[in-house]
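J.: My structure is stored as final-v7.txt, with compact mmCIF, C-alpha atoms and all ligand atoms.
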```txt
# COMPACT_ATOMS: atom_id res chain seq x y z
CA MET A 512 -20.92 -90.03 -22.04
CA SER A 513 -23.17 -87.48 -23.74
CA ASP A 514 -22.62 -85.70 -27.07
CA THR A 515 -22.99 -82.29 -25.42
CA HIS A 516 -19.60 -80.59 -25.36
CA LEU A 517 -20.42 -77.01 -24.35
CA LEU A 518 -21.11 -75.73 -20.86
CA ILE A 519 -22.50 -72.20 -20.51
CA CYS A 520 -21.62 -70.72 -17.13
CA GLY A 521 -22.78 -67.40 -15.74
CA ASN A 522 -26.07 -65.98 -14.48
CA SER A 523 -25.37 -62.63 -16.16
CA PHE A 524 -25.78 -64.06 -19.68
CA ASN A 525 -28.97 -62.66 -21.16
CA ASP A 526 -31.39 -64.93 -23.00
CA VAL A 527 -30.26 -63.79 -26.44
CA ASP A 528 -26.60 -64.56 -25.76
CA ARG A 529 -27.39 -67.89 -24.14
CA ASP A 530 -29.65 -68.84 -27.06
CA ARG A 531 -26.95 -67.82 -29.55
CA LEU A 532 -24.56 -70.31 -27.95
CA SER A 533 -27.00 -73.12 -27.36
CA THR A 534 -28.49 -72.81 -30.84
CA ALA A 535 -25.00 -73.23 -32.31
CA TYR A 536 -24.06 -76.23 -30.13
CA PRO A 537 -25.97 -78.48 -27.74
CA ALA A 538 -25.20 -77.00 -24.32
CA VAL A 539 -25.96 -77.24 -20.66
CA TYR A 540 -26.12 -74.24 -18.37
CA VAL A 541 -25.05 -73.44 -14.81
CA ASP A 542 -25.21 -70.15 -12.90
CA ALA A 543 -21.65 -70.20 -11.55
CA PRO A 544 -18.54 -72.41 -11.18
CA ALA A 545 -19.82 -73.48 -7.75
CA ASP A 546 -22.69 -75.30 -9.51
CA MET A 547 -20.48 -77.35 -11.83
CA ALA A 548 -19.84 -80.21 -9.41
CA ALA A 549 -23.58 -80.98 -9.33
CA LEU A 550 -23.61 -81.90 -13.03
CA GLU A 551 -23.92 -85.61 -13.74
CA SER A 552 -20.45 -87.19 -14.15
CA GLY A 553 -21.10 -88.53 -17.69
CA LEU A 554 -22.06 -85.05 -18.78
CA ARG A 555 -18.97 -83.56 -17.17
CA ALA A 556 -16.80 -86.14 -18.91
CA SER A 557 -18.05 -85.01 -22.32
CA MET A 558 -17.52 -81.26 -21.80
CA ARG A 559 -14.81 -79.77 -24.01
CA ALA A 560 -15.53 -76.04 -23.80
CA VAL A 561 -16.93 -73.60 -21.25
CA ALA A 562 -18.47 -70.29 -22.36
CA PHE A 563 -17.97 -68.19 -19.24
CA LYS A 564 -19.37 -64.85 -18.14
CA GLY A 565 -19.04 -63.24 -14.76
CA HIS A 566 -16.72 -62.25 -11.98
CA THR A 567 -16.98 -65.23 -9.63
CA PRO A 568 -13.67 -67.11 -9.43
CA PHE A 569 -13.21 -70.00 -11.89
CA GLY A 570 -10.31 -71.98 -10.43
CA ALA A 571 -8.43 -75.25 -10.67
CA GLU A 572 -10.97 -77.25 -8.67
CA ALA A 573 -13.74 -76.41 -11.14
CA MET A 574 -11.49 -77.13 -14.13
CA ASP A 575 -10.64 -80.56 -12.72
CA LEU A 576 -14.30 -81.56 -12.90
CA PHE A 577 -13.95 -81.79 -16.70
CA PRO A 578 -11.27 -84.25 -17.85
CA GLN A 579 -11.68 -83.27 -21.52
CA LEU A 580 -11.87 -79.52 -21.03
CA GLY A 581 -9.78 -77.68 -23.65
CA LEU A 582 -11.26 -74.17 -23.75
CA ILE A 583 -12.58 -71.52 -21.42
CA ALA A 584 -14.04 -68.78 -23.63
CA ASN A 585 -14.52 -65.66 -21.53
CA TYR A 586 -17.18 -63.05 -22.33
CA GLY A 587 -15.23 -59.84 -21.63
CA VAL A 588 -11.68 -58.62 -22.14
CA GLY A 589 -10.84 -58.85 -18.42
CA TYR A 590 -10.35 -62.47 -17.40
CA ASP A 591 -9.09 -61.96 -13.85
CA ALA A 592 -11.84 -64.24 -12.49
CA ILE A 593 -10.25 -67.20 -14.33
CA ASP A 594 -7.12 -68.83 -12.89
CA VAL A 595 -5.22 -68.69 -16.17
CA GLY A 596 -2.11 -70.29 -14.62
CA ALA A 597 -4.17 -73.31 -13.59
CA ALA A 598 -5.75 -73.48 -17.04
CA SER A 599 -2.38 -73.36 -18.80
CA ALA A 600 -1.00 -76.07 -16.51
CA ARG A 601 -3.87 -78.30 -17.62
CA GLY A 602 -3.51 -77.50 -21.32
CA ILE A 603 -6.75 -75.51 -21.30
CA ALA A 604 -6.82 -72.51 -23.64
CA VAL A 605 -8.41 -69.27 -22.40
CA THR A 606 -9.87 -66.69 -24.78
CA ASN A 607 -11.34 -63.23 -24.15
CA THR A 608 -13.10 -60.51 -26.18
CA PRO A 609 -10.61 -57.65 -26.71
CA ASP A 610 -10.91 -54.56 -28.94
CA VAL A 611 -14.65 -54.83 -29.69
CA LEU A 612 -15.46 -53.10 -26.38
CA SER A 613 -12.67 -50.51 -26.18
CA ASP A 614 -14.69 -47.68 -27.75
CA ASP A 615 -17.60 -48.06 -25.35
CA VAL A 616 -15.43 -48.24 -22.24
CA ALA A 617 -13.41 -45.22 -23.36
CA ASP A 618 -16.63 -43.31 -24.12
CA LEU A 619 -17.87 -44.07 -20.61
CA ALA A 620 -14.58 -42.98 -19.03
CA VAL A 621 -14.82 -39.59 -20.75
CA ALA A 622 -18.49 -39.28 -19.82
CA LEU A 623 -17.69 -40.09 -16.18
CA MET A 624 -14.95 -37.49 -16.08
CA ILE A 625 -17.15 -34.74 -17.51
CA THR A 626 -20.17 -35.74 -15.43
CA GLN A 627 -18.10 -35.48 -12.26
CA ALA A 628 -16.30 -32.25 -13.14
CA ARG A 629 -19.39 -30.47 -14.49
CA THR A 630 -21.59 -31.70 -11.56
CA MET A 631 -24.13 -33.06 -14.03
CA ILE A 632 -25.86 -35.36 -11.52
CA ARG A 633 -26.53 -32.32 -9.34
CA GLY A 634 -27.58 -30.33 -12.40
CA HIS A 635 -30.10 -32.98 -13.39
CA ALA A 636 -31.56 -33.09 -9.87
CA HIS A 637 -31.78 -29.29 -9.87
CA VAL A 638 -33.90 -29.28 -13.01
CA ALA A 639 -35.98 -32.35 -12.12
CA SER A 640 -36.82 -31.03 -8.65
CA GLY A 641 -37.95 -27.62 -9.86
CA ARG A 642 -35.25 -25.88 -7.76
CA TRP A 643 -33.88 -24.17 -10.89
CA ALA A 644 -36.95 -21.92 -10.92
CA THR A 645 -36.88 -21.22 -7.17
CA GLU A 646 -33.13 -21.14 -6.43
CA GLY A 647 -31.54 -20.13 -9.74
CA GLU A 648 -28.21 -21.46 -11.04
CA ILE A 649 -26.17 -24.28 -9.53
CA PRO A 650 -22.68 -23.43 -8.22
CA LEU A 651 -19.98 -23.01 -10.85
CA ASN A 652 -17.94 -26.13 -11.50
CA ARG A 653 -14.77 -27.30 -13.18
CA LYS A 654 -13.35 -26.97 -16.71
CA VAL A 655 -12.22 -30.24 -18.33
CA SER A 656 -10.85 -29.16 -21.73
CA GLY A 657 -7.23 -28.11 -21.54
CA SER A 658 -6.57 -29.74 -18.16
CA THR A 659 -4.04 -32.47 -17.40
CA VAL A 660 -4.90 -36.19 -17.35
CA GLY A 661 -2.92 -39.22 -16.21
CA ILE A 662 -3.80 -42.61 -17.68
CA VAL A 663 -2.82 -45.57 -15.49
CA GLY A 664 -2.27 -48.39 -18.00
CA LEU A 665 -1.95 -47.33 -21.63
CA GLY A 666 -3.32 -50.56 -23.10
CA ARG A 667 -6.11 -50.89 -25.67
CA ILE A 668 -8.72 -49.04 -23.59
CA GLY A 669 -6.26 -46.60 -22.00
CA ARG A 670 -5.09 -45.60 -25.46
CA GLU A 671 -8.66 -45.00 -26.67
CA ILE A 672 -9.29 -42.81 -23.62
CA ALA A 673 -6.10 -40.82 -24.20
CA ASP A 674 -6.93 -40.33 -27.90
CA ARG A 675 -10.35 -38.95 -26.97
CA LEU A 676 -8.94 -36.63 -24.31
CA ALA A 677 -6.28 -35.34 -26.69
CA ALA A 678 -9.20 -34.03 -28.74
CA PHE A 679 -10.26 -32.15 -25.58
CA LYS A 680 -6.89 -30.35 -25.78
CA MET A 681 -5.77 -32.12 -22.60
CA ASP A 682 -2.15 -32.61 -21.64
CA ILE A 683 -1.72 -36.42 -21.65
CA HIS A 684 0.46 -38.17 -19.06
CA TYR A 685 0.53 -41.94 -18.52
CA THR A 686 2.22 -44.85 -16.85
CA SER A 687 2.60 -48.39 -18.20
CA ARG A 688 5.12 -51.16 -17.66
CA SER A 689 7.13 -49.70 -20.52
CA GLU A 690 7.20 -46.39 -22.37
CA LYS A 691 5.14 -46.28 -25.59
CA GLU A 692 5.65 -44.55 -28.90
CA THR A 693 3.47 -41.54 -28.04
CA PRO A 694 5.05 -38.26 -29.16
CA GLY A 695 3.95 -35.33 -27.02
CA TRP A 696 2.65 -37.45 -24.17
CA THR A 697 4.56 -37.66 -20.88
CA TYR A 698 5.62 -41.04 -19.48
CA HIS A 699 5.94 -41.65 -15.73
CA ASN A 700 7.68 -44.62 -14.12
CA ASP A 701 5.08 -45.06 -11.42
CA VAL A 702 1.57 -44.12 -10.38
CA VAL A 703 2.65 -41.79 -7.55
CA SER A 704 4.72 -39.64 -9.90
CA LEU A 705 1.86 -39.67 -12.44
CA ALA A 706 -0.76 -38.71 -9.83
CA GLY A 707 1.39 -35.83 -8.60
CA ALA A 708 1.43 -34.31 -12.10
CA VAL A 709 -2.25 -34.39 -13.12
CA ASP A 710 -5.79 -33.10 -12.42
CA PHE A 711 -7.61 -36.29 -13.49
CA LEU A 712 -6.28 -39.81 -12.90
CA VAL A 713 -7.97 -42.41 -15.14
CA VAL A 714 -7.36 -46.06 -14.32
CA ALA A 715 -7.38 -48.54 -17.24
CA LEU A 716 -5.27 -51.40 -15.88
CA VAL A 717 -6.02 -55.12 -16.00
CA GLY A 718 -7.38 -56.51 -12.74
CA GLY A 719 -5.98 -59.42 -10.73
CA PRO A 720 -3.32 -59.91 -8.07
CA ASP A 721 -0.48 -58.20 -9.98
CA THR A 722 -2.23 -54.83 -10.12
CA LYS A 723 -4.07 -54.98 -6.79
CA GLY A 724 -3.97 -51.61 -5.02
CA GLN A 725 -1.63 -50.16 -7.63
CA VAL A 726 -3.40 -46.84 -7.16
CA SER A 727 -2.20 -46.72 -3.58
CA ARG A 728 -2.89 -44.47 -0.60
CA GLU A 729 0.32 -42.65 -1.49
CA ALA A 730 -0.81 -42.13 -5.09
CA ILE A 731 -4.20 -40.80 -3.97
CA ALA A 732 -2.44 -38.38 -1.58
CA ALA A 733 -0.17 -37.25 -4.43
CA LEU A 734 -3.23 -36.42 -6.57
CA GLY A 735 -4.18 -33.72 -4.07
CA PRO A 736 -7.30 -31.68 -3.31
CA ARG A 737 -8.07 -30.73 -6.94
CA GLY A 738 -7.60 -34.32 -8.16
CA VAL A 739 -10.34 -36.57 -9.52
CA VAL A 740 -10.06 -40.37 -9.84
CA VAL A 741 -11.86 -42.13 -12.70
CA ASN A 742 -11.90 -45.93 -12.68
CA ILE A 743 -13.25 -48.12 -15.48
CA SER A 744 -10.83 -51.04 -14.87
CA ARG A 745 -11.52 -53.20 -11.80
CA GLY A 746 -12.26 -52.19 -8.21
CA SER A 747 -9.17 -54.11 -7.12
CA THR A 748 -6.72 -51.75 -8.87
CA ILE A 749 -7.37 -48.95 -6.35
CA ASP A 750 -6.86 -49.02 -2.58
CA GLU A 751 -10.59 -48.45 -2.06
CA GLY A 752 -10.30 -47.73 1.66
CA ALA A 753 -7.73 -45.01 0.95
CA LEU A 754 -9.93 -43.60 -1.82
CA LEU A 755 -12.94 -43.43 0.51
CA ASP A 756 -10.88 -41.79 3.27
CA ALA A 757 -9.63 -39.14 0.81
CA LEU A 758 -13.11 -38.50 -0.61
CA GLU A 759 -14.66 -38.15 2.85
CA ALA A 760 -11.92 -35.83 4.09
CA GLY A 761 -11.92 -33.69 0.93
CA ASN A 762 -8.27 -34.58 0.34
CA ILE A 763 -9.19 -35.16 -3.33
CA ALA A 764 -11.93 -33.39 -5.27
CA GLY A 765 -13.91 -36.45 -6.32
CA ALA A 766 -14.21 -39.76 -8.09
CA ALA A 767 -16.17 -41.26 -10.98
CA LEU A 768 -16.34 -45.03 -10.79
CA ASP A 769 -17.77 -47.83 -12.93
CA VAL A 770 -16.15 -50.61 -10.89
CA PHE A 771 -15.88 -51.51 -7.21
CA GLU A 772 -14.25 -54.07 -4.94
CA ASN A 773 -17.57 -55.52 -3.86
CA GLU A 774 -19.94 -55.68 -6.83
CA PRO A 775 -22.92 -55.37 -6.94
CA ASN A 776 -22.85 -54.07 -3.36
CA PRO A 777 -20.25 -51.28 -3.25
CA ASP A 778 -19.02 -50.08 0.12
CA PRO A 779 -21.95 -48.06 1.59
CA ARG A 780 -19.53 -45.21 2.37
CA PHE A 781 -19.67 -44.37 -1.37
CA LEU A 782 -23.41 -43.82 -1.20
CA LYS A 783 -23.12 -40.97 1.31
CA LEU A 784 -20.73 -38.90 -0.81
CA SER A 785 -21.75 -35.96 -2.98
CA ASN A 786 -18.43 -35.70 -4.87
CA VAL A 787 -18.79 -39.04 -6.71
CA VAL A 788 -20.45 -40.39 -9.84
CA LEU A 789 -21.21 -44.10 -9.51
CA GLN A 790 -22.06 -46.51 -12.35
CA PRO A 791 -23.02 -50.22 -12.21
CA HIS A 792 -20.05 -51.68 -14.15
CA GLN A 793 -21.64 -50.81 -17.48
CA GLY A 794 -18.53 -49.85 -19.48
CA SER A 795 -19.23 -52.25 -22.35
CA GLY A 796 -22.99 -52.21 -21.81
CA THR A 797 -24.39 -51.14 -25.18
CA VAL A 798 -26.49 -53.41 -27.38
CA GLU A 799 -23.97 -53.14 -30.20
CA THR A 800 -20.89 -53.97 -28.15
CA ARG A 801 -22.43 -56.74 -26.06
CA THR A 802 -23.55 -58.37 -29.31
CA ALA A 803 -20.03 -58.11 -30.73
CA MET A 804 -18.61 -59.62 -27.51
CA ALA A 805 -21.07 -62.51 -27.62
CA GLU A 806 -20.27 -63.15 -31.28
CA LEU A 807 -16.53 -63.17 -30.59
CA GLN A 808 -16.98 -65.56 -27.68
CA LEU A 809 -19.04 -67.87 -29.88
CA ALA A 810 -16.46 -67.59 -32.68
CA ASN A 811 -13.80 -68.85 -30.27
CA VAL A 812 -16.03 -71.71 -29.12
CA ALA A 813 -16.76 -72.62 -32.75
CA ALA A 814 -13.08 -72.48 -33.72
CA PHE A 815 -12.18 -74.79 -30.87
CA LEU A 816 -14.97 -77.32 -31.35
CA GLU A 817 -14.33 -77.40 -35.11
CA GLY A 818 -10.55 -77.72 -34.78
CA ARG A 819 -9.59 -74.30 -36.13
CA ASP A 820 -7.19 -71.68 -34.68
CA LEU A 821 -8.59 -69.66 -31.77
CA LEU A 822 -9.18 -65.98 -32.50
CA THR A 823 -8.18 -64.30 -29.24
CA GLN A 824 -6.26 -66.68 -26.99
CA VAL A 825 -4.62 -65.18 -23.88
CA ASN A 826 -2.45 -68.07 -22.64
P1 LIG A 901 -4.90 -54.34 -22.21
O1 LIG A 901 -4.82 -53.81 -23.59
O2 LIG A 901 -4.31 -55.66 -21.89
O3 LIG A 901 -4.27 -53.21 -21.26
C1 LIG A 901 -4.06 -53.46 -19.92
C2 LIG A 901 -3.18 -52.45 -19.27
O4 LIG A 901 -2.82 -52.98 -17.99
C3 LIG A 901 -1.89 -52.19 -20.03
O5 LIG A 901 -1.55 -50.84 -19.96
C4 LIG A 901 -0.88 -53.04 -19.29
O6 LIG A 901 0.40 -52.48 -19.21
C5 LIG A 901 -1.40 -53.01 -17.87
N1 LIG A 901 -0.94 -54.18 -17.14
C6 LIG A 901 -1.15 -55.48 -17.43
N2 LIG A 901 -0.55 -56.29 -16.53
C7 LIG A 901 0.06 -55.45 -15.67
C8 LIG A 901 0.86 -55.66 -14.51
N3 LIG A 901 1.14 -56.89 -14.08
N4 LIG A 901 1.32 -54.59 -13.85
C9 LIG A 901 1.05 -53.35 -14.29
N5 LIG A 901 0.31 -53.08 -15.39
C10 LIG A 901 -0.18 -54.12 -16.05
O7 LIG A 901 -6.40 -54.44 -21.73
P2 LIG A 901 -7.65 -53.54 -22.15
O8 LIG A 901 -8.36 -54.18 -23.28
O9 LIG A 901 -7.20 -52.12 -22.28
O10 LIG A 901 -8.56 -53.72 -20.85
C11 LIG A 901 -8.11 -53.22 -19.61
C12 LIG A 901 -9.05 -53.63 -18.50
O11 LIG A 901 -10.24 -52.86 -18.53
C13 LIG A 901 -9.57 -55.07 -18.55
O12 LIG A 901 -8.61 -56.01 -18.12
C14 LIG A 901 -10.78 -55.01 -17.64
O13 LIG A 901 -10.40 -55.29 -16.31
C15 LIG A 901 -11.21 -53.55 -17.76
N6 LIG A 901 -12.51 -53.44 -18.44
C16 LIG A 901 -13.56 -52.87 -17.79
C17 LIG A 901 -14.80 -52.76 -18.43
C18 LIG A 901 -15.95 -52.10 -17.76
O14 LIG A 901 -17.08 -52.45 -18.06
N7 LIG A 901 -15.74 -51.14 -16.89
C19 LIG A 901 -14.97 -53.28 -19.71
C20 LIG A 901 -13.88 -53.85 -20.35
C21 LIG A 901 -12.65 -53.92 -19.71
P3 LIG A 901 1.38 -52.34 -20.48
O15 LIG A 901 0.87 -51.13 -21.19
O16 LIG A 901 2.69 -52.14 -19.84
O17 LIG A 901 1.23 -53.61 -21.26
```
For the file at hand, write its structure as structure tokens.
Ligand code: NAP
T.:
Amino acid sequence: MSDTHLLICGNSFNDVDRDRLSTAYPAVYVDAPADMAALESGLRASMRAVAFKGHTPFGAEAMDLFPQLGLIANYGVGYDAIDVGAASARGIAVTNTPDVLSDDVADLAVALMITQARTMIRGHAHVASGRWATEGEIPLNRKVSGSTVGIVGLGRIGREIADRLAAFKMDIHYTSRSEKETPGWTYHNDVVSLAGAVDFLVVALVGGPDTKGQVSREAIAALGPRGVVVNISRGSTIDEGALLDALEAGNIAGAALDVFENEPNPDPRFLKLSNVVLQPHQGSGTVETRTAMAELQLANVAAFLEGRDLLTQVN
């Protein structure tokens, strides 16, 4: 058995984050859970913690490769790639990186909404191509301030988005599993009712099987031809086929999306649309926030390996 207790898993770790972990503790590295079985059995037997980053499933079979595993420390607040039920059943703690990224994701949601409504991608192309001088102004677009927004999932990030949009004098509606203490905001029992009441529908749910397709075909139809969908949660939370059908048919006005069902290869139907703004899942992608996430992940690893209380355990 080796004295290396930390496994770093995920090909999306950058060098700085990987070095931060492996400088703190002797570590081995794999690209993905599928590569774990190839590790030498003595090494696997000594592993006590996995620092994980990515969206490829980390399930029971991979966990069972490590008889001493006690912690999976996720880089990111969303841990839907990890089978938390399987981890709990094996006495494995799972941690994530909440709060430190909420500002960035909320900022991006607001930026997406305004970029879509104010046709800023088209505006940029108009200037960059020289057509401004030859063709004049772009078509008039859509006012955001003072309109009505529906937040699907008023959790940490949803709340930050709503707070920002309140400053845009928007009428705030939301749905969550239970009503919150939010004077002046309107609660809806379900997404269809919410969608029927708003101009912009912003999705901030957790991912995973429980919320799959929660923004349903019916909800998208209820949003109507002036409606815009903004998604910074997970691709799985929206019925993507229904969204594409509605965008192609003009049954909704548009969408602004940071997340997709099939990342990093979104459905090619998205690429043909002119009423969308598409981003490469970069909600938390600032230097400052990614550093804070990496530090929180390492703090959880350190707490576990040094026998202290975990900072942000989810199970
Ligand atoms: P959070 O505070 O846990 O909020 C999650 C929201 O989802 C809450 O409103 C919660 O409802 C709702 N929810 C949870 N389980 C549900 C269920 N079974 N059915 C219906 N609703 C459910 O999480 P957060 O920190 O705001 O993060 C939200 C998500 O954003 C993450 O899980 C992640 O997928 C995504 N995210 C994306 C990026 C990006 O780069 N685009 C970055 C970070 C996070 P209640 O209000 O009723 O509790």
J.: How would you report the residues lying within 8 Å of ligand LIG 901 (chain A), as a ChimeraX atom specification, if you count all atoms listed in the file?
T.: /A:587-591,609-610,612-613,616,663-670,686-691,715-718,721-722,725,742-745,769-770,792-796
J.: With 6 Å added on each side, what axis-aligned box encloses every listed atom of region 517-534 of chain A? Give the centre and edge lengths in Å to one decimal, as JSON.
T.:
```
{"center_x": -25.9, "center_y": -69.8, "center_z": -22.7, "size_x": 23.0, "size_y": 26.4, "size_z": 28.4}
```
J.: Have a look at A:Asn700, A:Leu816, A:Leu821, A:Thr802 and name the one nearest to Val611 (chain A); count only C-alpha atoms.
T.: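 Looking at the shortest contact to Val611 (chain A), the residue is A:Thr802.
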J.: Mind listing as JSON, numbers by chain all residues within 12 Å of (-11.1, -73.1, -33.7), counting all atoms listed in the file?
T.: {"A": [560, 581, 582, 584, 604, 606, 807, 808, 809, 810, 811, 812, 813, 814, 815, 816, 817, 818, 819, 820, 821, 822, 823, 824]}
J.: Which is closer to Ile662 (chain A) than all the others in A:Val561, A:Glu648, A:Val714, A:Asn585, using all atoms listed in the file?
T.: A:Val714
